[in-house]
Amino acid sequence: MLEEFREEVRVWLADNCSESLKRQGPGSEGDARERPARDDVTRWFDACYERGWTVPGWPREYGGAALNGEESQILREEMNAAHAPAPLVGMGVTMIGPTLLEYGTDAQKAEHLPRIASGEVRWCQGYSEPGAGSDLASLQTRAEDHGDYYLINGSKIWTSGADQADWMFCLVRTDPKAPKHEGISFVLFSMDDPGVTVKPIVLIAGSSAFCQCFFDDVKALKSNLVGQENRGWTIAKRLLQHERSSISSPGGFGGGESLVELALRYSQTAGGTIADSDLRREVAAINMDAKALGLTQRRATEENHSGGTPTFVTSLFKYYSTELATRRSEASIRLMGTQGVGWDGAEFSAREQATTRFWLFGKALTIAGGSSEVQLNIIAKRVLGLPD
Ligand SMILES: Cc1cc2nc3c(=O)[nH]c(=O)nc-3n(C[C@H](O)[C@H](O)[C@H](O)COP(=O)(O)OP(=O)(O)OC[C@H]3O[C@@H](n4cnc5c(N)ncnc54)[C@H](O)[C@@H]3O)c2cc1C
């Protein structure tokens with residue numbers, strides 16, 4: 001049965017995913033800056049959406065295909081093998097959608113999930129504040145009860161994509177007197193609310209991946225409170241598990257050209273092996289660690305006894321995969337020499353510039369979704385059961 005499904009997926013991908021898209025897909029050798037034709041992107045999205053494959057594991061009523069864990073895994077494997085890019089990405093699909101499936105009311109699911117599956121609504125994450133990053137439960141953004149709605153005042157920082165987003169899922173303090181983990185609620189509101197001000201934070205490279213958001217009497221309807229008032233911390237943690245799981249998804253980051261191919265291309269070899277013995281050992285170790293990580297992630301998926309929902313083990317994978325991606329990038333740059341540190345200019349190919357950018361960006365992934373140190377704390381306490 002599963003093999004039939006695999007064959008069906010292969011045939012379908014061959015019929016529906018164009019060559020221009022495959023050149024941009026996972027593990028592809030294409031020029032990372034080349035844009036596939038717009039029509040190809042639209043056709044690919046529409047075909048996936050029609051099959052429920054923008055959110056394949058979600059129930060059909062919310063736009064999914066109701067695939068089980070094994071089928072979803074096969075779909076992922078075949079899409080990776082075909083270099084087919086994900087038709088839909090973002091916090092809707094990876095974070096708030098799965099969280100609403102578990103904790104949302106029927107009305108919340110019916111309102112929000114289909115619009116995520118269709119790509120109509122983009123979401124951003126209002127967690128971090130200037131004084132609450134790793135110590136997230138210290139957040140100070142207040143929500144005051146006004147009957148059937150809350151009025152929200154405060155600010156959030158490092159909000160990725162807030163300037164493009166339609167809705168925010170946000171952690172707010174609803175009981176300032178309660179112990180810090182117990183006075184937090186999880187609410188949803190529209191970014192069109194007149195009380196929301198979004199200021200992009202311009203980075204040194206000139207781009208702006210995140211924003212600071214200010215809230216002046218922003219209105220969030222009580223019907224958009226997820227879970228119970230003052231019990232938002234549990235939901236916040238579950239969403240972080242989904243976030244960490246997506247950051248560390250196999251094939252997610254650190255793909256591209258193999259380190260051995262880079263060594264060959266940049267003539268770092270002697271007698272068929274990498275000339276520098278330290279670098280050779282490091283490349284071998286990285287390749288073995290990547291293989292071991294992939295197998296361990298696969299085993300964890302197969303052994304997941306919590307019905308497919310992520311657990312604290314996501315911290316382990318988030319920590320290991322982002323640190324490994326960083327090691328891999330460092331090794332790439334060492335193999336490429338000065339060609340690995342080009343920002344622009346004709347003397348650097350598009351692929352070289354993409355490697356430099358990923359090397360720099362990859363470091364951010366060891367911070368986003370909770371820093372590596374914070375993951376180690378969670379692993380110590382929640383996975384290994386060590387004392388506080
Ligand atoms: C690319 C990217 C995207 C992001 N997108 C979003 C977003 O969309 N929404 C959002 O809300 N936030 C977002 N963030 C923010 C992110 O969640 C925080 O940066 C992160 O939680 C760390 O918080 P901080 O920056 O305040 O650092 P701090 O908490 O000040 O930490 C500073 C350093 O101290 C270490 N440290 C802190 N506490 C401990 C401890 N107890 N034990 C050991 N070491 C510790 C940390 O590991 C870190 O190295 C994003 C961050 C990045 C890099």
# chains A, B, ... in the order shown; residues from 1 in each chain; ligands from 1
>>> residues_near_ligand(ligand="ligand 1", cutoff="10 Å", atoms="only C-alpha atoms and all ligand atoms", output="MDAnalysis selection string")
chainID A and resid 91 123:136 156:162 168:171 209:212 240 361:378
>>> write_last_selection(atoms="N, CA and C atoms", output="short mmCIF file (atom, residue, chain, number, x, y, z; two decimals), in the first residue's frame")
data_model
loop_
_atom_site.label_atom_id
_atom_site.label_comp_id
_atom_site.auth_asym_id
_atom_site.auth_seq_id
_atom_site.Cartn_x
_atom_site.Cartn_y
_atom_site.Cartn_z
N MET A 91 5.03 30.61 9.01
CA MET A 91 4.63 30.28 10.38
C MET A 91 3.21 29.74 10.48
N TRP A 123 1.23 34.73 8.78
CA TRP A 123 1.28 34.92 10.24
C TRP A 123 2.66 35.35 10.71
N CYS A 124 2.67 36.06 11.85
CA CYS A 124 3.96 36.33 12.51
C CYS A 124 3.83 36.00 13.99
N GLN A 125 5.00 35.92 14.63
CA GLN A 125 5.08 35.39 16.00
C GLN A 125 5.44 36.50 16.99
N GLY A 126 4.52 36.86 17.85
CA GLY A 126 4.77 37.89 18.86
C GLY A 126 5.15 37.26 20.19
N TYR A 127 6.38 36.80 20.29
CA TYR A 127 6.88 36.21 21.53
C TYR A 127 7.91 37.13 22.21
N SER A 128 9.07 37.32 21.55
CA SER A 128 10.20 38.02 22.19
C SER A 128 9.86 39.49 22.46
N GLU A 129 10.42 39.98 23.56
CA GLU A 129 10.31 41.41 23.90
C GLU A 129 11.71 41.90 24.25
N PRO A 130 11.89 43.23 24.28
CA PRO A 130 13.24 43.72 24.61
C PRO A 130 13.79 43.11 25.91
N GLY A 131 12.94 42.86 26.89
CA GLY A 131 13.42 42.28 28.14
C GLY A 131 13.07 40.82 28.33
N ALA A 132 12.63 40.15 27.27
CA ALA A 132 12.20 38.75 27.41
C ALA A 132 12.52 37.98 26.13
N GLY A 133 13.72 37.38 26.11
CA GLY A 133 14.11 36.55 24.97
C GLY A 133 14.21 35.10 25.45
N SER A 134 15.39 34.71 25.91
CA SER A 134 15.54 33.36 26.47
C SER A 134 14.61 33.19 27.67
N ASP A 135 14.52 34.22 28.47
CA ASP A 135 13.61 34.17 29.63
C ASP A 135 12.24 34.71 29.18
N LEU A 136 11.63 33.95 28.27
CA LEU A 136 10.42 34.42 27.60
C LEU A 136 9.26 34.71 28.56
N LYS A 156 6.78 44.08 20.99
CA LYS A 156 7.48 42.82 20.68
C LYS A 156 8.67 43.17 19.80
N ILE A 157 9.69 42.32 19.84
CA ILE A 157 10.88 42.59 19.02
C ILE A 157 11.33 41.32 18.30
N TRP A 158 12.13 41.50 17.28
CA TRP A 158 12.63 40.40 16.43
C TRP A 158 11.48 39.66 15.77
N THR A 159 10.39 40.36 15.46
CA THR A 159 9.22 39.69 14.89
C THR A 159 9.45 39.48 13.39
N SER A 160 9.82 38.26 13.03
CA SER A 160 10.14 37.98 11.61
C SER A 160 8.91 38.20 10.74
N GLY A 161 9.11 38.92 9.64
CA GLY A 161 8.05 39.09 8.64
C GLY A 161 6.83 39.85 9.12
N ALA A 162 6.94 40.61 10.22
CA ALA A 162 5.75 41.32 10.72
C ALA A 162 5.23 42.34 9.71
N MET A 168 -1.14 38.02 13.80
CA MET A 168 -0.08 37.67 14.75
C MET A 168 -0.63 36.70 15.80
N PHE A 169 0.16 35.69 16.17
CA PHE A 169 -0.14 34.93 17.40
C PHE A 169 0.79 35.51 18.45
N CYS A 170 0.23 35.82 19.61
CA CYS A 170 0.95 36.70 20.52
C CYS A 170 0.80 36.22 21.97
N LEU A 171 1.90 36.33 22.71
CA LEU A 171 1.83 36.02 24.14
C LEU A 171 1.65 37.33 24.91
N ALA A 209 14.94 41.48 8.04
CA ALA A 209 14.22 40.22 8.24
C ALA A 209 13.24 40.32 9.39
N PHE A 210 13.53 41.19 10.35
CA PHE A 210 12.61 41.31 11.49
C PHE A 210 12.16 42.74 11.74
N CYS A 211 11.18 42.83 12.65
CA CYS A 211 10.60 44.14 12.96
C CYS A 211 10.46 44.27 14.47
N GLN A 212 10.24 45.52 14.89
CA GLN A 212 9.76 45.75 16.25
C GLN A 212 8.29 46.16 16.11
N LEU A 240 6.50 26.28 20.34
CA LEU A 240 7.96 26.30 20.18
C LEU A 240 8.48 24.94 19.73
N PHE A 361 23.99 33.60 7.65
CA PHE A 361 22.62 33.45 8.16
C PHE A 361 22.50 32.25 9.09
N GLY A 362 23.24 31.20 8.79
CA GLY A 362 23.14 29.95 9.58
C GLY A 362 23.34 30.18 11.06
N LYS A 363 24.17 31.16 11.40
CA LYS A 363 24.43 31.43 12.82
C LYS A 363 23.14 31.87 13.52
N ALA A 364 22.29 32.59 12.78
CA ALA A 364 21.03 33.06 13.37
C ALA A 364 20.13 31.89 13.77
N LEU A 365 20.28 30.78 13.06
CA LEU A 365 19.41 29.64 13.36
C LEU A 365 19.76 28.97 14.68
N THR A 366 20.98 29.23 15.16
CA THR A 366 21.33 28.69 16.49
C THR A 366 20.72 29.57 17.60
N ILE A 367 20.09 30.68 17.20
CA ILE A 367 19.44 31.59 18.18
C ILE A 367 17.91 31.55 18.03
N ALA A 368 17.42 31.61 16.78
CA ALA A 368 15.97 31.67 16.54
C ALA A 368 15.29 30.44 17.15
N GLY A 369 14.09 30.64 17.66
CA GLY A 369 13.33 29.52 18.24
C GLY A 369 13.92 29.05 19.57
N GLY A 370 14.79 29.88 20.19
CA GLY A 370 15.46 29.50 21.44
C GLY A 370 16.90 29.14 21.13
N SER A 371 17.84 29.81 21.84
CA SER A 371 19.26 29.64 21.51
C SER A 371 19.76 28.23 21.85
N SER A 372 20.94 27.90 21.35
CA SER A 372 21.53 26.58 21.62
C SER A 372 21.67 26.34 23.13
N GLU A 373 22.08 27.39 23.86
CA GLU A 373 22.26 27.21 25.32
C GLU A 373 20.92 26.87 25.97
N VAL A 374 19.87 27.54 25.52
CA VAL A 374 18.54 27.27 26.08
C VAL A 374 18.10 25.84 25.74
N GLN A 375 18.42 25.38 24.52
CA GLN A 375 18.06 23.99 24.17
C GLN A 375 18.81 23.02 25.07
N LEU A 376 20.09 23.32 25.36
CA LEU A 376 20.85 22.42 26.24
C LEU A 376 20.22 22.37 27.63
N ASN A 377 19.73 23.53 28.09
CA ASN A 377 19.05 23.54 29.41
C ASN A 377 17.80 22.65 29.38
N ILE A 378 17.03 22.76 28.28
CA ILE A 378 15.79 21.96 28.18
C ILE A 378 16.13 20.47 28.10
#
>>> residues_around(residues="Tyr266 of chain A", least_positions_apart="2", cutoff="12 Å", atoms="only C-alpha atoms", output="tab-separated table (two decimals) with N, CA and C atoms, in the first residue's frame")
chain	number	residue	atom	x	y	z
A	259	LEU	N	30.49	18.56	0.64
A	259	LEU	CA	31.80	19.12	0.99
A	259	LEU	C	32.89	18.51	0.12
A	260	VAL	N	32.75	17.25	-0.23
A	260	VAL	CA	33.76	16.60	-1.08
A	260	VAL	C	33.76	17.25	-2.47
A	261	GLU	N	32.55	17.53	-2.99
A	261	GLU	CA	32.48	18.20	-4.30
A	261	GLU	C	33.15	19.58	-4.23
A	262	LEU	N	32.93	20.27	-3.09
A	262	LEU	CA	33.56	21.60	-2.95
A	262	LEU	C	35.07	21.47	-2.97
A	263	ALA	N	35.59	20.44	-2.25
A	263	ALA	CA	37.03	20.23	-2.21
A	263	ALA	C	37.57	20.00	-3.62
A	264	LEU	N	36.85	19.19	-4.39
A	264	LEU	CA	37.29	18.90	-5.76
A	264	LEU	C	37.26	20.16	-6.61
A	268	GLN	N	41.28	21.37	-3.43
A	268	GLN	CA	41.84	21.17	-2.10
A	268	GLN	C	42.28	19.72	-1.94
A	269	THR	N	42.44	19.03	-3.08
A	269	THR	CA	42.70	17.60	-2.99
A	269	THR	C	44.12	17.24	-3.43
A	270	ALA	N	44.60	16.12	-2.89
A	270	ALA	CA	45.89	15.57	-3.33
A	270	ALA	C	45.73	14.06	-3.32
A	274	ILE	N	41.19	15.00	0.48
A	274	ILE	CA	41.38	16.41	0.84
A	274	ILE	C	42.79	16.57	1.42
A	275	ALA	N	43.53	17.55	0.89
A	275	ALA	CA	44.95	17.65	1.22
A	275	ALA	C	45.20	17.96	2.70
A	332	SER	N	32.73	24.56	4.58
A	332	SER	CA	32.59	24.98	3.17
A	332	SER	C	33.48	26.19	2.90
A	333	ILE	N	33.43	27.14	3.82
A	333	ILE	CA	34.19	28.38	3.61
A	333	ILE	C	35.70	28.08	3.61
A	334	ARG	N	36.11	27.18	4.51
A	334	ARG	CA	37.54	26.82	4.54
A	334	ARG	C	37.95	26.17	3.22
A	335	LEU	N	37.07	25.30	2.70
A	335	LEU	CA	37.39	24.62	1.43
A	335	LEU	C	37.44	25.61	0.27
A	336	MET	N	36.59	26.62	0.31
A	336	MET	CA	36.48	27.55	-0.82
A	336	MET	C	37.51	28.67	-0.76
A	337	GLY	N	38.13	28.86	0.41
A	337	GLY	CA	39.12	29.93	0.54
A	337	GLY	C	38.48	31.29	0.31
A	338	THR	N	39.19	32.20	-0.36
A	338	THR	CA	38.65	33.56	-0.54
A	338	THR	C	37.37	33.54	-1.38
A	339	GLN	N	37.17	32.51	-2.21
A	339	GLN	CA	35.93	32.45	-3.01
A	339	GLN	C	34.71	32.22	-2.12
A	340	GLY	N	34.96	31.87	-0.87
A	340	GLY	CA	33.84	31.61	0.05
A	340	GLY	C	33.43	32.82	0.85
A	352	GLU	N	28.62	30.89	-5.13
A	352	GLU	CA	29.58	31.26	-4.07
A	352	GLU	C	28.97	32.29	-3.13
>>> residues_around(residues="Asp40 of chain A", least_positions_apart="5", cutoff="10 Å", atoms="only C-alpha atoms", output="MDAnalysis selection string")
chainID A and resid 16:21 45:46
>>> closest_residue(among="A:Asn304, A:Thr105, A:Ser190, A:Ser245", to="Gln228 of chain A", atoms="only C-alpha atoms")
A:Thr105
>>> select_by_dssp(residues="segment 55-117 of chain A", states="alpha helix (DSSP H)", output="number ranges by chain")
A: 69-81, 91, 97-103, 106-117
>>> closest_residue(among="A:Arg38, A:Arg60, A:Arg10, A:Arg280", to="Pro114 of chain A", atoms="only C-alpha atoms")
A:Arg60
>>> residues_around(residues="Arg357 of chain A", least_positions_apart="6", cutoff="9 Å", atoms="only C-alpha atoms", output="short mmCIF file (atom, residue, chain, number, x, y, z; two decimals) with N, CA and C atoms, in the first residue's frame")
data_model
loop_
_atom_site.label_atom_id
_atom_site.label_comp_id
_atom_site.auth_asym_id
_atom_site.auth_seq_id
_atom_site.Cartn_x
_atom_site.Cartn_y
_atom_site.Cartn_z
N VAL A 341 34.10 33.94 0.64
CA VAL A 341 33.76 35.13 1.43
C VAL A 341 33.40 36.33 0.54
N GLY A 342 32.78 36.04 -0.60
CA GLY A 342 32.38 37.12 -1.50
C GLY A 342 30.96 37.56 -1.23
N TRP A 343 30.74 38.86 -1.24
CA TRP A 343 29.37 39.35 -1.00
C TRP A 343 28.68 39.70 -2.32
#
>>> residues_around(residues="Asp175 of chain A", least_positions_apart="4", cutoff="12 Å", atoms="only C-alpha atoms", output="ChimeraX atom specification")
/A:139-145,179-185,229-232
>>> write_last_selection(atoms="C-alpha atoms", output="mmCIF file, in the first residue's frame")
data_model
loop_
_atom_site.group_PDB
_atom_site.id
_atom_site.type_symbol
_atom_site.label_atom_id
_atom_site.label_comp_id
_atom_site.auth_asym_id
_atom_site.auth_seq_id
_atom_site.Cartn_x
_atom_site.Cartn_y
_atom_site.Cartn_z
ATOM 1 C CA LEU A 139 7.191 39.153 28.987
ATOM 2 C CA GLN A 140 5.412 42.381 29.923
ATOM 3 C CA THR A 141 2.956 43.068 27.081
ATOM 4 C CA ARG A 142 -0.364 43.502 28.875
ATOM 5 C CA ALA A 143 -3.863 42.455 27.859
ATOM 6 C CA GLU A 144 -6.756 44.015 29.765
ATOM 7 C CA ASP A 145 -10.118 42.309 29.914
ATOM 8 C CA PRO A 179 3.721 33.796 39.121
ATOM 9 C CA LYS A 180 5.252 34.648 35.748
ATOM 10 C CA HIS A 181 4.431 31.391 33.924
ATOM 11 C CA GLU A 182 0.839 31.423 35.156
ATOM 12 C CA GLY A 183 -0.378 34.857 34.062
ATOM 13 C CA ILE A 184 0.246 34.476 30.324
ATOM 14 C CA SER A 185 -2.396 34.033 27.605
ATOM 15 C CA GLU A 229 -6.933 32.659 29.967
ATOM 16 C CA ASN A 230 -3.687 32.584 31.999
ATOM 17 C CA ARG A 231 -2.887 29.090 30.695
ATOM 18 C CA GLY A 232 -1.099 30.256 27.550
#
>>> closest_residue(among="A:Ile74, A:Ala47, A:Val196, A:Met79", to="Phe5 of chain A", atoms="only C-alpha atoms")
A:Ile74
>>> residues_around(residues="Gly25 of chain A", least_positions_apart="3", cutoff="8 Å", atoms="only C-alpha atoms", output="number ranges by chain")
A: 21-22, 28, 80, 83-86
